file input33.txt (compact mmCIF, C-alpha atoms)
# COMPACT_ATOMS: atom_id res chain seq x y z
CA MET W 30 0.00 0.00 0.00
CA ALA W 31 1.31 3.43 -0.92
CA ASN W 32 0.54 6.74 0.75
CA VAL W 33 0.04 9.62 -1.67
CA ALA W 34 0.07 13.25 -0.53
CA SER W 35 -2.61 15.17 -2.39
CA SER W 36 -1.78 18.37 -4.21
CA ALA W 37 -3.91 21.21 -5.57
CA GLY W 38 -6.53 20.00 -8.04
CA ASP W 39 -6.50 16.42 -6.82
CA CYS W 40 -9.63 14.34 -6.51
CA PHE W 41 -9.97 10.58 -6.28
CA SER W 42 -10.52 10.21 -10.03
CA ARG W 43 -7.26 12.00 -10.71
CA ILE W 44 -5.24 10.16 -8.07
CA ALA W 45 -6.62 6.80 -9.28
CA ARG W 46 -5.68 7.61 -12.88
CA ILE W 47 -2.16 8.67 -11.88
CA GLN W 48 -1.74 5.42 -9.97
CA GLY W 49 -2.95 3.37 -12.96
CA PHE W 50 -6.50 2.52 -11.86
CA PHE W 51 -9.52 2.79 -14.15
CA ASN W 52 -12.08 3.04 -11.37
CA TYR W 53 -11.65 5.62 -8.61
CA LEU W 54 -13.61 3.35 -6.27
CA SER W 55 -10.64 0.93 -6.25
CA VAL W 56 -8.77 3.64 -4.34
CA TYR W 57 -11.66 5.37 -2.57
CA ASN W 58 -12.99 2.15 -1.00
CA HIS W 59 -9.52 1.12 0.15
CA ALA W 60 -8.57 1.27 3.85
CA ASP W 61 -10.20 4.24 5.58
CA ASN W 62 -10.20 6.61 2.60
CA ALA W 63 -14.00 6.78 2.44
CA THR W 64 -14.17 7.66 6.14
CA THR W 65 -11.42 10.24 5.97
CA PHE W 66 -12.78 11.86 2.81
CA PRO W 67 -16.60 11.90 2.87
CA ASN W 68 -16.67 13.56 -0.54
CA PRO W 69 -14.29 11.94 -3.09
CA ASN W 70 -14.22 15.18 -5.09
CA GLN W 71 -13.05 17.34 -2.20
CA ILE W 72 -9.63 16.60 -0.77
CA GLU W 73 -7.68 18.92 1.48
CA GLU W 74 -4.36 19.84 -0.07
CA GLY W 75 -1.53 17.94 1.61
CA SER W 76 -3.69 15.20 3.09
CA THR W 77 -2.70 11.55 2.69
CA VAL W 78 -4.59 9.17 0.44
CA LYS W 79 -3.96 5.44 0.83
CA VAL W 80 -3.53 3.68 -2.50
CA PRO W 81 -3.78 -0.13 -2.68
CA ASP W 82 -1.21 -2.29 -4.43
CA LYS W 83 -2.45 -3.65 -7.72
CA GLN W 84 -3.44 -7.31 -7.49
CA MET W 85 -2.71 -9.55 -10.45
CA LYS W 86 -5.10 -12.18 -11.74
CA ALA W 87 -4.23 -15.04 -14.12
CA PHE W 88 -6.78 -16.05 -16.73
CA ASN W 89 -6.75 -19.27 -18.74
CA LEU W 90 -6.37 -18.61 -22.44
CA PRO W 91 -8.13 -21.26 -24.52
CA LEU W 92 -6.79 -22.11 -27.97
CA ASP W 93 -8.86 -21.97 -31.12
CA ALA W 94 -11.30 -19.57 -29.47
CA GLU W 95 -11.92 -15.92 -28.77
CA LYS W 96 -11.30 -14.84 -25.21
CA LYS W 97 -13.19 -11.70 -24.18
CA PHE W 98 -12.43 -9.39 -21.29
CA LYS W 99 -14.22 -6.35 -19.91
CA ILE W 100 -12.49 -3.58 -18.04
CA ILE W 101 -14.55 -1.87 -15.36
CA ARG W 102 -14.02 1.87 -15.34
CA GLN W 103 -15.72 4.85 -13.76
CA LYS W 104 -16.06 7.87 -16.02
CA THR W 105 -15.35 11.29 -14.60
CA LYS W 106 -18.16 13.81 -15.12
CA LEU W 107 -18.17 17.58 -14.90
CA ARG W 108 -21.52 19.20 -14.11
CA ILE W 109 -22.04 22.95 -13.82
CA LYS W 110 -25.18 24.62 -12.50
CA ILE W 111 -25.58 28.35 -13.08
CA CYS W 112 -27.75 30.27 -10.66
CA MET W 113 -28.03 33.65 -9.00
CA ALA W 114 -26.20 34.41 -5.78
CA ASP W 115 -29.19 33.43 -3.66
CA ALA W 116 -29.33 30.08 -5.53
CA ALA W 117 -33.09 30.45 -5.84
CA GLN W 118 -33.36 31.44 -9.47
CA THR W 119 -31.64 30.89 -12.78
CA PRO W 120 -30.51 34.01 -14.62
CA GLY W 121 -31.67 34.68 -18.17
CA ILE W 122 -29.21 32.77 -20.31
CA ALA W 123 -29.13 33.01 -24.09
CA LYS W 124 -26.34 30.48 -24.34
CA ALA W 125 -23.89 28.81 -22.01
CA ARG W 126 -20.82 26.93 -23.14
CA LEU W 127 -18.56 24.71 -21.04
CA THR W 128 -15.16 23.67 -22.36
CA ILE W 129 -12.66 21.29 -20.81
CA GLY W 130 -9.82 19.96 -22.92
CA ALA W 131 -11.26 19.12 -26.33
CA LYS W 132 -14.76 18.46 -24.98
CA LYS W 133 -17.54 21.01 -25.07
CA ALA W 134 -21.14 21.32 -23.97
CA ALA W 135 -23.54 24.08 -24.96
CA GLU W 136 -26.97 24.67 -23.45
CA THR W 137 -29.57 27.37 -23.08
CA THR W 138 -30.45 26.24 -19.59
CA GLY W 139 -28.50 26.68 -16.41
CA THR W 140 -27.13 23.14 -16.21
CA LEU W 141 -24.24 21.86 -18.31
CA GLU W 142 -22.68 18.44 -18.14
CA ILE W 143 -19.83 16.68 -19.87
CA ASP W 144 -19.47 12.93 -19.51
CA ASP W 145 -16.13 11.23 -19.47
CA ILE W 146 -13.70 14.08 -19.02
CA ASP W 147 -10.01 13.46 -18.60
CA PRO W 148 -9.49 13.57 -14.81
CA MET W 149 -5.99 14.89 -15.39
CA LEU W 150 -7.40 18.21 -16.61
CA THR W 151 -7.74 20.84 -13.92
CA ASN W 152 -8.84 23.86 -15.97
CA ALA W 153 -12.16 24.50 -17.66
CA SER W 154 -13.85 27.52 -19.16
CA LEU W 155 -17.48 28.59 -18.75
CA THR W 156 -18.91 31.22 -21.11
CA VAL W 157 -22.38 32.63 -20.51
CA VAL W 158 -24.29 34.97 -22.82
CA LEU W 159 -27.10 36.77 -20.97
CA THR W 160 -30.54 37.56 -22.31
CA ASN W 161 -31.98 40.09 -19.91
CA PRO W 162 -30.15 41.81 -17.11
CA PRO W 163 -31.73 41.20 -13.72
CA ALA W 164 -33.82 44.16 -12.58
CA TYR W 165 -32.65 45.92 -9.46
CA VAL W 166 -34.92 45.26 -6.54
CA ALA W 167 -34.39 47.29 -3.44
CA PRO W 168 -34.05 45.04 -0.41
CA PRO W 169 -36.73 45.31 2.24
CA PRO W 170 -35.88 47.58 5.13
CA THR W 171 -34.46 45.72 8.05
CA THR W 172 -35.48 46.16 11.61
CA ALA W 173 -32.13 45.05 12.86
CA GLY W 174 -30.10 47.50 14.88
CA VAL W 175 -30.67 49.62 17.88
CA ALA W 176 -32.14 53.10 17.68
CA ASN W 177 -29.92 56.00 18.62
CA GLN W 178 -26.86 53.82 18.67
CA TYR W 179 -23.60 55.44 17.72
CA PRO W 180 -21.93 54.49 15.49
CA PRO W 181 -25.02 53.23 13.67
CA PRO W 182 -24.92 49.49 13.02
CA ILE W 183 -24.21 48.33 9.51
CA VAL W 184 -27.19 46.46 8.08
CA ALA W 185 -27.73 44.47 4.90
CA PRO W 186 -29.11 47.30 2.69
CA ASP W 187 -25.91 49.25 3.29
CA PHE W 188 -24.17 46.84 0.94
CA ASP W 189 -26.61 47.27 -1.93
CA ASP W 190 -25.90 50.03 -4.36
CA PRO W 191 -28.80 51.09 -6.61
CA LYS W 192 -26.22 52.38 -9.07
CA THR W 193 -24.81 48.89 -9.59
CA VAL W 194 -24.01 48.36 -13.26
CA TRP W 195 -25.49 45.02 -14.25
CA PRO W 196 -24.40 43.12 -17.37
CA LYS W 197 -26.36 44.13 -20.45
CA GLU W 198 -28.35 41.92 -22.79
CA GLY W 199 -26.08 39.92 -25.05
CA GLU W 200 -23.09 40.53 -22.82
CA THR W 201 -20.73 37.63 -22.36
CA ILE W 202 -19.25 36.53 -19.07
CA VAL W 203 -16.32 34.11 -19.00
CA TRP W 204 -15.19 32.18 -15.96
CA ASN W 205 -12.04 30.11 -15.72
CA LEU W 206 -12.78 27.12 -13.53
CA GLN W 207 -10.21 25.29 -11.42
CA VAL W 208 -11.63 21.79 -11.59
CA GLY W 209 -11.07 19.61 -8.55
CA SER W 210 -9.42 22.28 -6.44
CA LEU W 211 -12.33 22.87 -4.02
CA GLU W 212 -11.41 21.64 -0.57
CA PRO W 213 -13.87 20.33 2.07
CA HIS W 214 -15.96 22.92 3.93
CA THR W 215 -14.56 21.57 7.18
CA VAL W 216 -11.16 23.20 6.65
CA ILE W 217 -10.36 26.91 6.61
CA ARG W 218 -9.19 26.95 2.98
CA GLY W 219 -12.39 25.22 1.89
CA VAL W 220 -14.59 27.86 3.54
CA LEU W 221 -12.49 30.70 2.14
CA GLN W 222 -12.63 29.18 -1.37
CA ARG W 223 -16.43 29.12 -1.14
CA LEU W 224 -16.50 32.71 0.13
CA GLU W 225 -14.42 33.80 -2.82
CA ASN W 226 -16.60 31.84 -5.27
CA LEU W 227 -19.67 33.61 -3.90
CA GLY W 228 -18.07 37.01 -4.45
CA PHE W 229 -16.78 37.81 -0.98
CA ALA W 230 -13.22 38.80 -1.68
CA CYS W 231 -10.77 37.19 0.70
CA PRO W 232 -7.38 35.48 0.55
CA VAL W 233 -7.49 31.68 0.30
CA GLN W 234 -5.10 30.50 2.97
CA LYS W 235 -4.76 28.05 5.82
CA VAL W 236 -4.94 30.54 8.69
CA GLU W 237 -7.48 33.10 9.78
CA ASP W 238 -6.47 36.74 9.93
CA ALA W 239 -8.02 40.19 9.62
CA PRO W 240 -8.99 39.93 5.91
CA THR W 241 -10.61 36.51 6.39
CA ARG W 242 -12.52 37.73 9.45
CA ARG W 243 -13.71 40.74 7.49
CA ALA W 244 -14.98 38.49 4.70
CA VAL W 245 -16.77 36.24 7.19
CA ARG W 246 -18.43 39.26 8.86
CA THR W 247 -19.56 40.58 5.50
CA TYR W 248 -20.96 37.19 4.54
CA ARG W 249 -22.88 36.86 7.79
CA ARG W 250 -24.33 40.34 7.44
CA PHE W 251 -25.26 39.79 3.81
CA VAL W 252 -26.60 36.26 4.06
CA GLU W 253 -27.73 35.88 7.61
CA SER W 254 -28.47 39.56 8.36
CA LYS W 255 -26.35 39.29 11.46
CA VAL W 256 -25.39 42.65 12.93
CA ALA W 257 -22.89 43.65 15.57
CA PRO W 258 -22.34 42.46 18.22
CA ASN W 259 -23.86 39.12 17.10
CA ASP W 260 -21.84 38.76 13.93
CA THR W 261 -18.94 36.62 15.03
CA ASP W 262 -16.20 36.36 12.46
CA ALA W 263 -14.68 32.91 12.86
CA VAL W 264 -14.62 30.66 9.80
CA ALA W 265 -16.15 27.85 11.86
CA ASP W 266 -19.29 29.95 12.37
CA ILE W 267 -20.28 29.80 8.70
CA GLN W 268 -19.11 26.31 7.76
CA ALA W 269 -22.54 24.68 7.62
CA ASN W 270 -24.30 27.68 6.11
CA ILE W 271 -21.80 28.25 3.34
CA ARG W 272 -21.68 24.56 2.48
CA ALA W 273 -25.45 24.51 1.99
CA ARG W 274 -25.41 27.75 -0.02
CA HIS W 275 -22.41 26.90 -2.17
CA ASP W 276 -22.55 23.13 -2.66
CA ASP W 277 -26.24 22.18 -2.68
CA MET X 26 4.26 -6.62 -3.94
CA THR X 27 4.70 -5.30 -7.45
CA PRO X 28 2.74 -6.71 -10.40
CA ARG X 29 5.95 -8.37 -11.65
CA GLN X 30 6.57 -10.10 -8.29
CA GLN X 31 2.94 -11.20 -8.14
CA ILE X 32 3.07 -12.71 -11.64
CA ASP X 33 6.33 -14.51 -10.82
CA ALA X 34 4.81 -15.88 -7.61
CA LEU X 35 1.70 -17.10 -9.40
CA MET X 36 3.75 -18.81 -12.10
CA ALA X 37 6.30 -20.35 -9.73
CA GLY X 38 4.31 -23.53 -9.23
CA VAL X 39 3.63 -24.11 -12.90
CA ALA X 40 5.58 -26.85 -14.72
CA ASP X 41 8.22 -25.76 -17.20
CA GLN X 42 6.73 -27.68 -20.07
CA PRO X 43 2.96 -27.90 -20.29
CA PRO X 44 1.42 -31.20 -21.39
CA ASP X 45 0.33 -31.23 -24.97
CA ILE X 46 -3.35 -31.26 -25.63
CA VAL X 47 -4.51 -34.84 -26.10
CA VAL X 48 -6.75 -35.30 -29.06
CA PRO X 49 -8.41 -38.57 -29.97
CA CYS X 50 -7.55 -38.62 -33.65
CA LYS X 51 -5.25 -36.44 -35.63
CA ALA X 52 -3.18 -34.04 -33.53
CA VAL X 53 -3.40 -30.45 -34.62
CA ASN X 54 -0.12 -28.69 -34.12
CA ALA X 55 -1.12 -25.23 -35.27
CA HIS X 56 -3.66 -23.41 -33.18
CA TRP X 57 -4.79 -19.83 -32.79
CA PHE X 58 -6.19 -17.51 -30.19
CA LYS X 59 -7.83 -14.13 -30.19
CA ILE X 60 -8.14 -11.65 -27.34
CA LEU X 61 -10.85 -8.98 -27.18
CA VAL X 62 -10.76 -6.29 -24.49
CA ARG X 63 -13.65 -3.85 -24.10
CA TRP X 64 -14.89 -1.29 -21.59
CA GLU X 65 -17.59 -2.72 -19.39
CA ASP X 66 -19.87 0.34 -19.51
CA ASP X 67 -20.26 1.04 -23.23
CA LEU X 68 -18.59 -2.08 -24.70
CA THR X 69 -16.28 -0.01 -26.89
CA PRO X 70 -12.76 -1.36 -27.51
CA VAL X 71 -10.03 -0.43 -25.06
CA PRO X 72 -7.37 1.59 -26.94
CA THR X 73 -4.39 -0.28 -25.52
CA ALA X 74 -3.69 -2.84 -22.82
CA ASN X 75 -0.43 -4.61 -22.04
CA PHE X 76 -0.55 -8.36 -21.57
CA GLU X 77 1.77 -11.27 -20.93
CA ILE X 78 1.05 -14.85 -22.00
CA TYR X 79 2.71 -17.86 -20.41
CA ARG X 80 2.88 -21.37 -21.90
CA GLY X 81 3.53 -23.46 -18.88
CA HIS X 82 6.09 -21.56 -16.84
CA PRO X 83 8.08 -19.79 -19.58
CA GLN X 84 6.73 -16.60 -21.03
CA TYR X 85 5.32 -17.14 -24.49
CA ALA X 86 4.44 -13.59 -25.52
CA ALA X 87 4.29 -10.05 -24.16
CA ASP X 88 2.56 -7.48 -26.29
CA ILE X 89 -0.16 -4.84 -26.40
CA VAL X 90 -3.81 -5.22 -27.27
CA ALA X 91 -4.42 -2.44 -29.80
CA LYS X 92 -7.93 -1.11 -30.44
CA GLY X 93 -9.29 -3.89 -28.26
CA LYS X 94 -7.95 -6.80 -30.32
CA TYR X 95 -5.00 -9.13 -30.49
CA GLY X 96 -4.71 -12.40 -32.34
CA GLN X 97 -2.04 -14.94 -33.15
CA LYS X 98 -1.91 -17.91 -35.53
CA SER X 99 0.37 -20.95 -35.62
CA VAL X 100 0.34 -21.31 -31.88
CA PRO X 101 1.82 -24.58 -30.55
CA PRO X 102 -0.48 -26.68 -28.36
CA GLY X 103 -0.29 -26.29 -24.63
CA ASN X 104 -1.89 -24.66 -21.64
CA TYR X 105 -1.74 -20.87 -21.76
CA ARG X 106 -2.33 -18.26 -19.11
CA ILE X 107 -2.67 -14.54 -19.64
CA PHE X 108 -1.96 -11.59 -17.30
CA PHE X 109 -2.68 -7.90 -17.67
CA PRO X 110 0.10 -6.38 -15.53
CA ASN X 111 -1.33 -2.84 -15.60
CA ILE X 112 -4.87 -3.73 -14.64
CA HIS X 113 -6.04 -4.26 -11.05
CA ASP X 114 -7.84 -7.60 -10.63
CA ALA X 115 -11.06 -5.93 -9.42
CA GLU X 116 -11.22 -3.91 -12.63
CA ILE X 117 -11.15 -6.74 -15.18
CA VAL X 118 -13.57 -9.62 -15.70
CA GLU X 119 -13.99 -12.39 -18.25
CA GLU X 120 -17.02 -12.21 -20.50
call {"tool": "encode", "arguments": {"input": "input33.txt", "output": "structure tokens"}}
result
Amino acid sequence: MANVASSAGDCFSRIARIQGFFNYLSVYNHADNATTFPNPNQIEEGSTVKVPDKQMKAFNLPLDAEKKFKIIRQKTKLRIKICMADAAQTPGIAKARLTIGAKKAAETTGTLEIDDIDPMLTNASLTVVLTNPPAYVAPPPTTAGVANQYPPPIVAPDFDDPKTVWPKEGETIVWNLQVGSLEPHTVIRGVLQRLENLGFACPVQKVEDAPTRRAVRTYRRFVESKVAPNDTDAVADIQANIRARHDD
Amino acid sequence: MTPRQQIDALMAGVADQPPDIVVPCKAVNAHWFKILVRWEDDLTPVPTANFEIYRGHPQYAADIVAKGKYGQKSVPPGNYRIFFPNIHDAEIVEE
């Protein structure tokens, strides 16, 4: 049995392919891998994956006959779902195109899928052409905060700017996707990656500091309408919420 | 244990010279075999797969299945075994 240290962009499909397996389950179901990594597509960078030794099997080869074999493989899929930041609605899409390696998928809906991608590829491109820009809707006034408090508490509407310039009809947005690089939500880097994906600018790192705490506070105020002094800023405070919002 | 060590261990107990196939009438000295390797999910041919064939203990052939097929004619009689050194045993089955 070999121990393999995972690097950025690794998932079980990729590790299995590098180690010469056709089915990622041959590695994932080995030893305590499935317990250590509940999601085979999310591996913390630097963690150790246990890879089994290959077992050889001898087959009898009859003469004057055809001998047929089947190799059991597990294809690697890439599925992208496009939705608004609140995950409740799909934006108006004229066309969406997903490209990874030489494979492409084009749809007019918010879900794109490519079967059988090369697990060694870690970069993909998503191009979206919009139909109608989303109309600005002023958020409802919040009752949070305490009257006559100084300084006045920051509440959710303070982050919304009516002058926001939304993409226009026919405008194209291109995202470069780092396939397989999302880490579990249970580690700091995983939470910070999700924050960044959702538009809350923060450094993706292994330790918490002032910029990460600021991003967490902003997220809690925006998403959970938490206001001071109830808006704690530890990454652990938003783990479950951001996993549900980002992953589901 | 590496695939090579495993193959050597499996073949260690096999006799050097396999018994010839006993046929009731006229002995046929030229045989053939054909190997087909496909993916289990869509049954399309596997592009390449290394294999080793043993006749008794000594190695008879080591080659690559290309586009899912390999065949050989004029094969001497005997008992043959085939290994796929790059394929894990849980990932390959006989049809």
call {"tool": "closest_atom_pairs", "arguments": {"input": "input33.txt", "of": "chain W", "to": "chain X", "cutoff": "6 Å", "atoms": "all atoms listed in the file", "output": "CSV"}}
result
residue,atom,partner,partner_atom,distance
W:Lys83,CA,X:His113,CA,4.9
W:Gln84,CA,X:His113,CA,5.4
W:Met85,CA,X:Asp114,CA,5.5
W:Lys86,CA,X:Asp114,CA,5.5
W:Ala87,CA,X:Phe108,CA,5.2
W:Phe88,CA,X:Ile107,CA,5.3
W:Asn89,CA,X:Arg106,CA,4.5
W:Leu90,CA,X:Tyr105,CA,5.2
W:Leu92,CA,X:Phe58,CA,5.1
W:Asp93,CA,X:Trp57,CA,4.9
W:Ala94,CA,X:Phe58,CA,5.6
W:Glu95,CA,X:Lys59,CA,4.7
W:Lys96,CA,X:Ile60,CA,5.0
W:Lys97,CA,X:Leu61,CA,4.7
W:Phe98,CA,X:Glu119,CA,4.5
W:Lys99,CA,X:Arg63,CA,4.9
W:Ile100,CA,X:Ile117,CA,4.5
W:Ile101,CA,X:Glu116,CA,4.8
call {"tool": "closest_residue", "arguments": {"input": "input33.txt", "among": "W:Thr261, W:Gln234, W:Asn226, W:Ser210", "to": "Arg246 (chain W)", "atoms": "all atoms listed in the file"}}
result
W:Thr261
call {"tool": "atom_distance", "arguments": {"input": "input33.txt", "atom1": "CA of Pro43 (chain X)", "atom2": "CA of Ala86 (chain X)"}}
result
15.3 Å
call {"tool": "residues_around", "arguments": {"input": "input33.txt", "residues": "Lys79 (chain W)", "least_positions_apart": "4", "cutoff": "7 Å", "atoms": "all atoms listed in the file", "output": "PyMOL selection string"}}
result
chain W and resi 30-33+60+62
call {"tool": "write_last_selection", "arguments": {"input": "input33.txt", "atoms": "C-alpha atoms", "output": "PDB file, in the coordinates of the input"}}
result
ATOM      1  CA  MET W  30       0.000   0.000   0.000  1.00  0.00           C
ATOM      2  CA  ALA W  31       1.310   3.430  -0.920  1.00  0.00           C
ATOM      3  CA  ASN W  32       0.540   6.740   0.750  1.00  0.00           C
ATOM      4  CA  VAL W  33       0.040   9.620  -1.670  1.00  0.00           C
ATOM      5  CA  ALA W  60      -8.570   1.270   3.850  1.00  0.00           C
ATOM      6  CA  ASN W  62     -10.200   6.610   2.600  1.00  0.00           C
TER       7      ASN W  62
END
call {"tool": "residues_around", "arguments": {"input": "input33.txt", "residues": "Cys40 (chain W)", "least_positions_apart": "6", "cutoff": "7 Å", "atoms": "all atoms listed in the file", "output": "JSON, numbers by chain"}}
result
{"W": [69, 70, 71, 72, 209]}
call {"tool": "atom_distance", "arguments": {"input": "input33.txt", "atom1": "CA of Lys132 (chain W)", "atom2": "CA of Glu74 (chain W)"}}
result
27.0 Å
call {"tool": "residues_around", "arguments": {"input": "input33.txt", "residues": "region 149-153 of chain W", "least_positions_apart": "5", "cutoff": "12 Å", "atoms": "all atoms listed in the file", "output": "VMD selection string"}}
result
chain W and resid 36 to 48 105 to 109 126 to 134 143 203 to 211
call {"tool": "atom_distance", "arguments": {"input": "input33.txt", "atom1": "CA of Thr140 (chain W)", "atom2": "CA of Ala273 (chain W)"}}
result
18.3 Å
call {"tool": "decode", "arguments": {"input": "input33.txt", "residues": "region 28-97 of chain X", "atoms": "C-alpha atoms", "output": "PDB file, in the first residue's frame"}}
result
ATOM      1  CA  PRO X  28       2.736  -6.713 -10.399  1.00  0.00           C
ATOM      2  CA  ARG X  29       5.950  -8.373 -11.646  1.00  0.00           C
ATOM      3  CA  GLN X  30       6.567 -10.099  -8.286  1.00  0.00           C
ATOM      4  CA  GLN X  31       2.938 -11.205  -8.144  1.00  0.00           C
ATOM      5  CA  ILE X  32       3.070 -12.708 -11.644  1.00  0.00           C
ATOM      6  CA  ASP X  33       6.333 -14.509 -10.816  1.00  0.00           C
ATOM      7  CA  ALA X  34       4.815 -15.885  -7.614  1.00  0.00           C
ATOM      8  CA  LEU X  35       1.696 -17.100  -9.399  1.00  0.00           C
ATOM      9  CA  MET X  36       3.751 -18.806 -12.098  1.00  0.00           C
ATOM     10  CA  ALA X  37       6.300 -20.346  -9.727  1.00  0.00           C
ATOM     11  CA  GLY X  38       4.314 -23.531  -9.227  1.00  0.00           C
ATOM     12  CA  VAL X  39       3.631 -24.111 -12.903  1.00  0.00           C
ATOM     13  CA  ALA X  40       5.582 -26.846 -14.723  1.00  0.00           C
ATOM     14  CA  ASP X  41       8.217 -25.756 -17.203  1.00  0.00           C
ATOM     15  CA  GLN X  42       6.730 -27.678 -20.068  1.00  0.00           C
ATOM     16  CA  PRO X  43       2.958 -27.902 -20.285  1.00  0.00           C
ATOM     17  CA  PRO X  44       1.422 -31.195 -21.385  1.00  0.00           C
ATOM     18  CA  ASP X  45       0.332 -31.232 -24.970  1.00  0.00           C
ATOM     19  CA  ILE X  46      -3.352 -31.262 -25.628  1.00  0.00           C
ATOM     20  CA  VAL X  47      -4.507 -34.837 -26.096  1.00  0.00           C
ATOM     21  CA  VAL X  48      -6.749 -35.300 -29.064  1.00  0.00           C
ATOM     22  CA  PRO X  49      -8.407 -38.575 -29.971  1.00  0.00           C
ATOM     23  CA  CYS X  50      -7.550 -38.616 -33.654  1.00  0.00           C
ATOM     24  CA  LYS X  51      -5.251 -36.437 -35.627  1.00  0.00           C
ATOM     25  CA  ALA X  52      -3.176 -34.040 -33.528  1.00  0.00           C
ATOM     26  CA  VAL X  53      -3.398 -30.447 -34.618  1.00  0.00           C
ATOM     27  CA  ASN X  54      -0.121 -28.686 -34.123  1.00  0.00           C
ATOM     28  CA  ALA X  55      -1.122 -25.228 -35.267  1.00  0.00           C
ATOM     29  CA  HIS X  56      -3.656 -23.407 -33.182  1.00  0.00           C
ATOM     30  CA  TRP X  57      -4.790 -19.828 -32.789  1.00  0.00           C
ATOM     31  CA  PHE X  58      -6.190 -17.511 -30.185  1.00  0.00           C
ATOM     32  CA  LYS X  59      -7.826 -14.132 -30.194  1.00  0.00           C
ATOM     33  CA  ILE X  60      -8.140 -11.649 -27.336  1.00  0.00           C
ATOM     34  CA  LEU X  61     -10.846  -8.984 -27.184  1.00  0.00           C
ATOM     35  CA  VAL X  62     -10.762  -6.288 -24.494  1.00  0.00           C
ATOM     36  CA  ARG X  63     -13.653  -3.846 -24.095  1.00  0.00           C
ATOM     37  CA  TRP X  64     -14.887  -1.289 -21.588  1.00  0.00           C
ATOM     38  CA  GLU X  65     -17.591  -2.723 -19.389  1.00  0.00           C
ATOM     39  CA  ASP X  66     -19.869   0.344 -19.508  1.00  0.00           C
ATOM     40  CA  ASP X  67     -20.259   1.041 -23.230  1.00  0.00           C
ATOM     41  CA  LEU X  68     -18.595  -2.075 -24.704  1.00  0.00           C
ATOM     42  CA  THR X  69     -16.276  -0.008 -26.889  1.00  0.00           C
ATOM     43  CA  PRO X  70     -12.760  -1.358 -27.509  1.00  0.00           C
ATOM     44  CA  VAL X  71     -10.032  -0.433 -25.062  1.00  0.00           C
ATOM     45  CA  PRO X  72      -7.365   1.587 -26.943  1.00  0.00           C
ATOM     46  CA  THR X  73      -4.391  -0.281 -25.516  1.00  0.00           C
ATOM     47  CA  ALA X  74      -3.693  -2.839 -22.816  1.00  0.00           C
ATOM     48  CA  ASN X  75      -0.430  -4.607 -22.040  1.00  0.00           C
ATOM     49  CA  PHE X  76      -0.555  -8.363 -21.572  1.00  0.00           C
ATOM     50  CA  GLU X  77       1.767 -11.274 -20.927  1.00  0.00           C
ATOM     51  CA  ILE X  78       1.049 -14.845 -21.998  1.00  0.00           C
ATOM     52  CA  TYR X  79       2.711 -17.861 -20.414  1.00  0.00           C
ATOM     53  CA  ARG X  80       2.877 -21.369 -21.900  1.00  0.00           C
ATOM     54  CA  GLY X  81       3.532 -23.465 -18.876  1.00  0.00           C
ATOM     55  CA  HIS X  82       6.090 -21.563 -16.837  1.00  0.00           C
ATOM     56  CA  PRO X  83       8.077 -19.789 -19.576  1.00  0.00           C
ATOM     57  CA  GLN X  84       6.731 -16.597 -21.029  1.00  0.00           C
ATOM     58  CA  TYR X  85       5.324 -17.141 -24.495  1.00  0.00           C
ATOM     59  CA  ALA X  86       4.442 -13.587 -25.523  1.00  0.00           C
ATOM     60  CA  ALA X  87       4.287 -10.050 -24.160  1.00  0.00           C
ATOM     61  CA  ASP X  88       2.555  -7.482 -26.291  1.00  0.00           C
ATOM     62  CA  ILE X  89      -0.161  -4.839 -26.397  1.00  0.00           C
ATOM     63  CA  VAL X  90      -3.813  -5.216 -27.274  1.00  0.00           C
ATOM     64  CA  ALA X  91      -4.424  -2.443 -29.798  1.00  0.00           C
ATOM     65  CA  LYS X  92      -7.927  -1.112 -30.444  1.00  0.00           C
ATOM     66  CA  GLY X  93      -9.288  -3.887 -28.263  1.00  0.00           C
ATOM     67  CA  LYS X  94      -7.954  -6.804 -30.321  1.00  0.00           C
ATOM     68  CA  TYR X  95      -4.997  -9.134 -30.487  1.00  0.00           C
ATOM     69  CA  GLY X  96      -4.708 -12.405 -32.336  1.00  0.00           C
ATOM     70  CA  GLN X  97      -2.039 -14.941 -33.150  1.00  0.00           C
TER      71      GLN X  97
END
